[in-house]
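Asks: The file below is start.txt, compact mmCIF, C-alpha atoms:
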```txt
# COMPACT_ATOMS: atom_id res chain seq x y z
CA ALA Z 132 190.15 12.37 -81.88
CA THR Z 133 186.44 12.47 -82.51
CA GLU Z 134 184.49 9.79 -80.70
CA ARG Z 135 182.60 7.58 -83.10
CA HIS Z 136 178.83 7.66 -82.69
CA THR Z 137 177.26 4.24 -82.24
CA THR Z 138 173.66 3.16 -82.41
CA VAL Z 139 173.00 0.12 -80.29
CA SER Z 140 169.91 -1.86 -81.27
CA ARG Z 141 167.53 -3.61 -78.91
CA CYS Z 142 169.64 -6.76 -79.10
CA GLY Z 143 172.55 -4.88 -77.54
CA LEU Z 144 174.64 -4.87 -80.72
CA ASP Z 145 175.73 -1.96 -82.85
CA LEU Z 146 174.48 -3.54 -86.05
CA ALA Z 147 175.55 -0.62 -88.22
CA SER Z 148 179.13 -0.92 -86.99
CA MET Z 149 179.00 -4.69 -87.42
CA ARG Z 150 177.83 -4.36 -91.03
CA SER Z 151 180.55 -1.79 -91.66
CA ALA Z 152 183.22 -4.08 -90.19
CA TYR Z 153 182.07 -7.00 -92.33
CA SER Z 154 182.09 -4.79 -95.43
CA ASP Z 155 185.55 -3.40 -94.66
CA LEU Z 156 186.98 -6.90 -94.29
CA LEU Z 157 185.45 -8.23 -97.49
CA ARG Z 158 186.29 -5.08 -99.42
CA LEU Z 159 189.95 -5.93 -99.00
CA GLY Z 160 189.40 -8.68 -101.54
CA SER Z 161 191.86 -10.88 -99.70
CA ALA Z 162 191.26 -14.61 -99.99
CA ARG Z 163 193.25 -15.09 -96.81
CA VAL Z 164 191.05 -12.68 -94.84
CA ALA Z 165 187.89 -14.33 -96.20
CA ALA Z 166 189.23 -17.78 -95.33
CA THR Z 167 190.11 -16.65 -91.81
CA LEU Z 168 186.65 -15.19 -91.33
CA GLY Z 169 185.12 -18.40 -92.67
CA HIS Z 170 187.16 -20.55 -90.29
CA ALA Z 171 186.20 -18.33 -87.36
CA THR Z 172 182.53 -18.62 -88.33
CA ALA Z 173 182.74 -22.41 -88.56
CA ARG Z 174 184.56 -22.67 -85.23
CA THR Z 175 181.98 -20.46 -83.50
CA ILE Z 176 179.12 -22.59 -84.84
CA ASP Z 177 180.89 -25.76 -83.68
CA GLU Z 178 181.24 -24.27 -80.20
CA LEU Z 179 177.55 -23.42 -80.14
CA ALA Z 180 176.75 -26.98 -81.17
CA ALA Z 181 179.00 -28.51 -78.51
CA PRO Z 182 177.09 -30.83 -76.16
CA ALA Z 183 176.38 -29.69 -72.65
CA GLY Z 184 178.97 -30.46 -70.03
CA PRO Z 185 178.81 -30.73 -66.23
CA GLY Z 186 177.19 -27.59 -64.90
CA HIS Z 187 176.78 -26.22 -68.43
CA ALA Z 188 173.43 -26.27 -70.21
CA GLY Z 189 174.87 -25.89 -73.69
CA ALA Z 190 174.37 -22.99 -76.09
CA ILE Z 191 171.33 -24.39 -77.88
CA ALA Z 192 169.49 -24.72 -74.57
CA SER Z 193 170.38 -21.19 -73.54
CA THR Z 194 168.10 -18.19 -73.42
CA GLU Z 195 170.89 -15.84 -72.39
CA PRO Z 196 171.09 -12.64 -74.48
CA GLU Z 197 174.86 -13.05 -74.80
CA THR Z 198 174.40 -16.35 -76.62
CA LEU Z 199 171.61 -15.03 -78.81
CA ARG Z 200 173.79 -12.10 -79.85
CA VAL Z 201 176.29 -14.60 -81.22
CA PHE Z 202 173.52 -16.13 -83.32
CA MET Z 203 172.60 -12.65 -84.54
CA VAL Z 204 176.17 -11.95 -85.64
CA LEU Z 205 176.37 -15.29 -87.43
CA LEU Z 206 173.06 -14.90 -89.27
CA LEU Z 207 174.14 -11.52 -90.63
CA ASN Z 208 177.54 -12.75 -91.79
CA PRO Z 209 177.74 -11.78 -95.50
CA LEU Z 210 179.98 -14.77 -96.20
CA LEU Z 211 176.87 -16.93 -96.00
CA LEU Z 212 175.66 -15.30 -99.21
CA GLU Z 213 178.26 -17.53 -100.87
CA THR Z 214 175.95 -20.40 -100.06
CA GLU Z 215 177.61 -22.98 -102.30
CA ARG Z 216 180.92 -22.52 -100.49
CA TYR Z 217 179.57 -22.35 -96.96
CA LEU Z 218 176.64 -24.73 -97.26
CA PRO Z 219 177.70 -27.11 -94.42
CA ILE Z 220 178.21 -24.15 -92.08
CA LEU Z 221 174.88 -22.60 -92.99
CA GLU Z 222 172.99 -25.88 -92.67
CA LYS Z 223 174.38 -26.42 -89.17
CA LEU Z 224 173.58 -22.84 -88.15
CA VAL Z 225 169.96 -23.17 -89.28
CA ARG Z 226 169.53 -26.36 -87.27
CA LEU Z 227 170.99 -24.67 -84.20
CA VAL Z 228 168.59 -21.75 -84.51
CA LEU Z 229 165.62 -24.11 -84.72
CA ALA Z 230 166.95 -26.08 -81.74
CA LEU Z 231 166.88 -23.01 -79.52
CA PRO Z 232 164.15 -22.85 -76.87
CA LYS Z 233 160.99 -21.36 -78.32
CA VAL Z 234 161.26 -18.19 -76.25
CA ALA Z 235 164.88 -17.68 -77.31
CA ARG Z 236 164.07 -18.29 -80.97
CA ALA Z 237 161.20 -15.82 -80.79
CA LEU Z 238 163.48 -13.20 -79.23
CA LEU Z 239 166.09 -13.75 -81.95
CA ILE Z 240 163.49 -13.22 -84.67
CA GLU Z 241 162.22 -10.15 -82.82
CA TRP Z 242 165.73 -8.71 -82.83
CA LEU Z 243 166.03 -9.42 -86.51
CA ARG Z 244 162.66 -7.80 -87.11
CA ASP Z 245 163.82 -4.66 -85.32
CA SER Z 246 166.99 -4.45 -87.42
CA SER Z 247 167.00 -2.97 -90.91
CA SER Z 248 164.93 -4.41 -93.74
CA GLU Z 249 168.25 -5.02 -95.53
CA ASP Z 250 169.32 -7.36 -92.74
CA VAL Z 251 166.06 -9.27 -92.91
CA ALA Z 252 166.29 -9.50 -96.70
CA GLN Z 253 169.86 -10.80 -96.47
CA VAL Z 254 168.87 -13.63 -94.12
CA ILE Z 255 165.95 -14.54 -96.39
CA ARG Z 256 168.19 -14.59 -99.48
CA VAL Z 257 170.71 -16.83 -97.73
CA LEU Z 258 168.00 -19.32 -96.72
CA GLN Z 259 166.42 -19.22 -100.17
CA ARG Z 260 169.73 -20.04 -101.80
CA LEU Z 261 170.15 -23.02 -99.50
CA VAL Z 262 166.68 -24.30 -100.44
CA ARG Z 263 167.34 -23.74 -104.14
CA LEU Z 264 170.66 -25.57 -104.03
CA VAL Z 265 169.29 -28.59 -102.22
CA MET Z 266 166.21 -28.78 -104.45
CA THR Z 267 167.97 -28.34 -107.79
CA ASP Z 268 171.47 -29.80 -107.42
CA PRO Z 269 171.40 -33.60 -107.88
CA LYS Z 270 174.59 -33.91 -105.83
CA LEU Z 271 172.81 -32.40 -102.81
CA LYS Z 272 169.62 -34.48 -102.94
CA SER Z 273 170.66 -36.29 -99.77
CA LEU Z 274 170.49 -33.05 -97.80
CA ASP Z 275 167.33 -31.86 -96.10
CA CYS Z 276 166.11 -28.34 -96.77
CA SER Z 277 163.20 -28.63 -94.31
CA PRO Z 278 165.00 -26.74 -91.50
CA ALA Z 279 165.74 -23.79 -93.79
CA VAL Z 280 162.14 -23.77 -95.02
CA SER Z 281 160.87 -23.93 -91.44
CA LEU Z 282 162.98 -20.91 -90.50
CA LEU Z 283 161.73 -19.11 -93.59
CA GLY Z 284 158.22 -19.92 -92.42
CA LEU Z 285 158.85 -18.26 -89.06
CA LEU Z 286 160.18 -15.17 -90.81
CA TYR Z 287 157.22 -15.20 -93.20
CA GLU Z 288 154.72 -15.27 -90.32
CA THR Z 289 156.54 -12.37 -88.69
CA ASN Z 290 156.57 -10.49 -91.97
CA LEU Z 291 152.81 -10.90 -92.32
CA ARG Z 292 152.39 -8.92 -89.11
CA PHE Z 293 155.12 -6.33 -89.48
CA ARG Z 294 155.69 -5.99 -93.26
CA MET Z 295 159.47 -5.94 -92.99
CA VAL Z 296 160.13 -6.88 -96.62
CA PRO Z 297 158.05 -7.55 -99.78
CA SER Z 298 156.29 -10.92 -99.69
CA SER Z 299 157.81 -11.75 -103.07
CA LEU Z 300 161.16 -12.30 -101.35
CA PHE Z 301 159.73 -15.51 -99.96
CA TYR Z 302 158.99 -16.91 -103.43
CA ASN Z 303 161.48 -19.50 -104.63
CA PRO Z 304 160.67 -20.11 -108.31
CA HIS Z 305 163.93 -21.96 -108.98
CA ALA Z 306 163.26 -24.53 -106.26
CA CYS Z 307 159.60 -24.81 -107.29
CA SER Z 308 160.57 -25.51 -110.89
CA ALA Z 309 162.31 -28.67 -109.70
CA ILE Z 310 159.10 -30.29 -108.40
CA ASN Z 311 156.16 -32.04 -110.01
CA LEU Z 312 153.26 -30.04 -108.63
CA GLU Z 313 150.70 -32.86 -108.85
CA ALA Z 314 153.05 -35.37 -107.21
CA ASP Z 315 153.88 -32.82 -104.54
CA LEU Z 316 150.18 -32.29 -103.85
CA ASP Z 317 149.67 -36.07 -103.54
CA ARG Z 318 152.56 -36.28 -101.10
CA PHE Z 319 151.12 -33.39 -99.10
CA ARG Z 320 147.73 -35.13 -98.82
CA THR Z 321 148.86 -38.70 -98.22
CA MET Z 322 152.17 -38.24 -96.37
CA PRO Z 323 151.77 -35.35 -93.91
CA ALA Z 324 155.17 -35.96 -92.32
CA ALA Z 325 157.05 -35.84 -95.64
CA PHE Z 326 158.51 -32.64 -97.07
CA SER Z 327 156.23 -30.96 -99.56
CA MET Z 328 156.33 -27.52 -101.14
CA CYS Z 329 152.54 -27.43 -100.85
CA LYS Z 330 153.01 -27.43 -97.08
CA TYR Z 331 154.81 -24.09 -97.45
CA PRO Z 332 152.74 -22.13 -99.98
CA PHE Z 333 154.65 -18.91 -99.28
CA LEU Z 334 157.45 -20.40 -101.41
CA LEU Z 335 155.16 -20.72 -104.43
CA PRO Z 336 154.99 -17.80 -106.88
CA LEU Z 337 151.52 -16.63 -107.87
CA ARG Z 338 151.63 -18.57 -111.13
CA LEU Z 339 152.19 -21.87 -109.31
CA LYS Z 340 149.53 -21.05 -106.73
CA GLN Z 341 147.07 -20.62 -109.60
CA GLN Z 342 148.15 -23.95 -111.10
CA LEU Z 343 147.68 -25.61 -107.73
CA LEU Z 344 144.16 -24.22 -107.44
CA MET Z 345 143.35 -25.49 -110.94
CA ILE Z 346 144.67 -28.96 -110.11
CA SER Z 347 142.62 -29.07 -106.90
CA ALA Z 348 139.48 -27.88 -108.71
CA ARG Z 349 139.92 -30.47 -111.46
CA ARG Z 350 140.37 -33.24 -108.91
CA ARG Z 351 137.28 -32.18 -106.99
CA MET Z 352 135.28 -32.19 -110.22
CA ASN Z 353 136.58 -35.66 -111.14
CA ASP Z 354 135.71 -36.94 -107.67
CA ALA Z 355 132.19 -35.52 -107.98
CA VAL Z 356 131.74 -37.18 -111.39
CA ALA Z 357 133.00 -40.50 -110.04
CA ARG Z 358 130.61 -40.33 -107.09
CA GLY Z 359 127.74 -39.51 -109.44
CA LEU Z 360 128.54 -42.47 -111.69
CA MET Z 361 128.78 -44.78 -108.70
CA GLN Z 362 125.42 -43.61 -107.41
CA ARG Z 363 123.79 -44.11 -110.82
CA SER Z 364 125.31 -47.59 -111.04
CA GLN Z 365 123.93 -48.53 -107.64
CA GLU Z 366 120.50 -47.20 -108.59
CA SER Z 367 120.56 -49.22 -111.85
CA ILE Z 368 121.40 -52.40 -109.95
CA ALA Z 369 118.59 -51.75 -107.49
CA ARG Z 370 116.09 -51.23 -110.33
CA ALA Z 371 117.21 -54.40 -112.10
CA MET Z 372 116.77 -56.44 -108.93
CA ALA Z 373 113.38 -54.88 -108.34
CA GLU Z 374 112.23 -55.88 -111.83
CA ARG Z 375 113.20 -59.51 -111.19
CA ALA Z 376 111.36 -59.62 -107.88
CA PRO Z 377 107.69 -60.86 -107.66
CA ARG Z 378 105.17 -58.26 -108.74
CA GLU Z 379 103.97 -57.17 -105.35
CA PRO Z 380 104.08 -53.93 -103.45
CA VAL Z 381 107.56 -53.20 -102.24
CA THR Z 382 107.56 -52.76 -98.50
CA THR Z 383 110.25 -52.68 -95.89
CA GLU Z 384 109.76 -56.40 -95.35
CA SER Z 385 109.58 -57.19 -99.08
CA SER Z 386 112.28 -55.12 -100.77
CA PRO Z 387 114.42 -56.50 -103.63
CA PHE Z 388 117.23 -57.08 -101.17
CA ALA Z 389 114.92 -58.87 -98.71
CA TYR Z 390 113.66 -61.08 -101.57
CA VAL Z 391 117.21 -62.14 -102.43
CA ALA Z 392 117.92 -62.95 -98.79
CA GLU Z 393 114.73 -65.04 -98.47
CA ALA Z 394 115.52 -66.96 -101.66
CA ALA Z 395 119.01 -67.73 -100.43
CA ALA Z 396 117.64 -68.95 -97.09
CA ALA Z 397 115.11 -71.22 -98.81
CA ALA Z 398 117.79 -72.72 -101.05
CA ALA Z 399 119.98 -73.42 -98.06
CA ALA Z 400 117.12 -75.15 -96.23
CA ALA Z 401 116.36 -77.37 -99.22
CA ALA Z 402 119.97 -78.50 -99.64
CA PRO Z 403 120.86 -81.95 -98.18
CA ALA Z 404 122.74 -81.92 -94.91
CA VAL Z 405 126.45 -82.69 -95.03
CA LEU Z 406 127.27 -85.94 -93.25
CA LEU Z 407 130.38 -85.90 -91.12
```
Please rewrite the model in this file as structure tokens.

Replies:
Amino acid sequence: ATERHTTVSRCGLDLASMRSAYSDLLRLGSARVAATLGHATARTIDELAAPAGPGHAGAIASTEPETLRVFMVLLLNPLLLETERYLPILEKLVRLVLALPKVARALLIEWLRDSSSEDVAQVIRVLQRLVRLVMTDPKLKSLDCSPAVSLLGLLYETNLRFRMVPSSLFYNPHACSAINLEADLDRFRTMPAAFSMCKYPFLLPLRLKQQLLMISARRRMNDAVARGLMQRSQESIARAMAERAPREPVTTESSPFAYVAEAAAAAAAAAPAVLL
């Protein structure tokens, strides 16, 4: 028998063989096989999420390569492309990835970066579908897509440096169509802790970025006009008070405002005292 050639990536996994195994299983078209794989995926994620026990730090606190390889296998599971069906599993997996120690999370993204561009694109598509579902399906409004968007943000920052995939893969026009851009901008400015698409501009297609710039420019212009009107109003009031003041040179001691203060003081002095 001919020995099969394997190519082990930096993460210690033969990703090509793993992709082939996934494809072979799904190519069978067996609902039973898919269900078994789905149950195994869910059980593995539950084990990773299990709280730490005596003498055990827990998977999400681990920086061990063995644990991170499990995350790698899960992220590249093609079943997750059926996002509607596996949404609870995917949502939990995303939260677990973000809960990893920073150094472990960075290593996981580095491994993903060093894999094929197809693998990176698959993970991005899975996360984008989660965001789209939560943003557009009224039945899922109670769910939070912030973790998925945060993970997309980490991948986007990595992609800026290494150009793994086209930047357009990070656009999510379907999710963006579900928001009111002006209201989202207000939320971004007044509620920094709240979720806002403006906080993650990589999700916005070019057309929406242009609209956002136009909205911001219009608001700045309106603010400038309002400030100008306020200044003119204040100047008009000052001129009116100056015209009512005695005709004498206006000095620091005898300004319209000083005249009003002196008149008020004189009136107070002339008023009868209040008897207790």

Asks: Please, what distance in Å, to one decimal, runs between atom CA of Z:Leu261 and atom CA of Z:Thr214?

Replies: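 We find that atom CA of Z:Leu261 and atom CA of Z:Thr214 lie 6.4 Å from each other.
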
Asks: Determine, counting only C-alpha atoms, which protein, DNA and RNA residues have an atom within 8 Å of an atom of stretch 191-198 of chain Z; residues of the same chain fewer than 4 positions away are not included. Present the result as a VMD selection string.

Replies: chain Z and resid 142 179 to 180 202 227 to 228 230 to 232 234 to 235

Asks: Figure out the distance between atom CA of Z:Tyr331 and atom CA of Z:Leu238, please, to one decimal in Å.

Replies: 22.9 Å

Asks: For Z:Val254, which of Z:Phe319, Z:Leu282, Z:Arg349, Z:Val356 is the closest residue, counting only C-alpha atoms?

Replies: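 Ranking Z:Phe319, Z:Leu282, Z:Arg349, Z:Val356 by distance to Z:Val254, first place goes to Z:Leu282.
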
Asks: I'd like the interatomic distance between atom CA of Z:Arg256 and atom CA of Z:Leu168, to a tenth of an Å.

Replies: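 Atom CA of Z:Arg256 sits 20.2 Å away from atom CA of Z:Leu168.
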
Asks: Which is closer to Z:Leu337 than all the others in Z:Gly359, Z:Pro304, Z:Pro219, Z:Gly284, using only C-alpha atoms?

Replies: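 That would be Z:Pro304, the residue with the smallest distance to Z:Leu337.
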
Asks: From the list Z:Gly169, Z:Pro332, Z:Pro323, Z:Pro278, which residue is nearest Z:Leu229 when using all atoms listed in the file?

Replies: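 Counting all atoms listed in the file, the residue closest to Z:Leu229 is Z:Pro278.
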
Asks: For each of Z:Ala237, Z:Leu221, Z:Cys307, Z:Ala166, take the minimum atom-to-atom distance to Z:Met266, counting all atoms listed in the file, then give the residue where this is smallest.

Replies: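 Of the candidates, the smallest distance to Z:Met266 is held by Z:Cys307.
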
Asks: Of the residues Z:Leu291, Z:Leu286, Z:Leu218, Z:Ile310, which is the one nearest to Z:Leu271, using all atoms listed in the file?

Replies: Z:Leu218

Asks: Which of these, Z:Asp268, Z:Glu222, Z:Asp354, Z:Asp317, has the shortest distance to Z:Ile176 once you count all atoms listed in the file?

Replies: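 Looking at the shortest contact to Z:Ile176, the residue is Z:Glu222.
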
Asks: May I have the residues at most 9 Å from (174.6, -20.7, -91.5) in the file's coordinates, counting all atoms listed in the file, as a list in words?

Replies: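 Within 9 Å of (174.6, -20.7, -91.5), the protein and nucleic acid residues are Thr172, Ala173, Ile176, Leu205, Leu206, Asn208, Leu211, Thr214, Tyr217, Leu218, Pro219, Ile220, Leu221, Glu222, Lys223, Leu224, Val225, Arg226, Val257 and Leu258 of chain Z.
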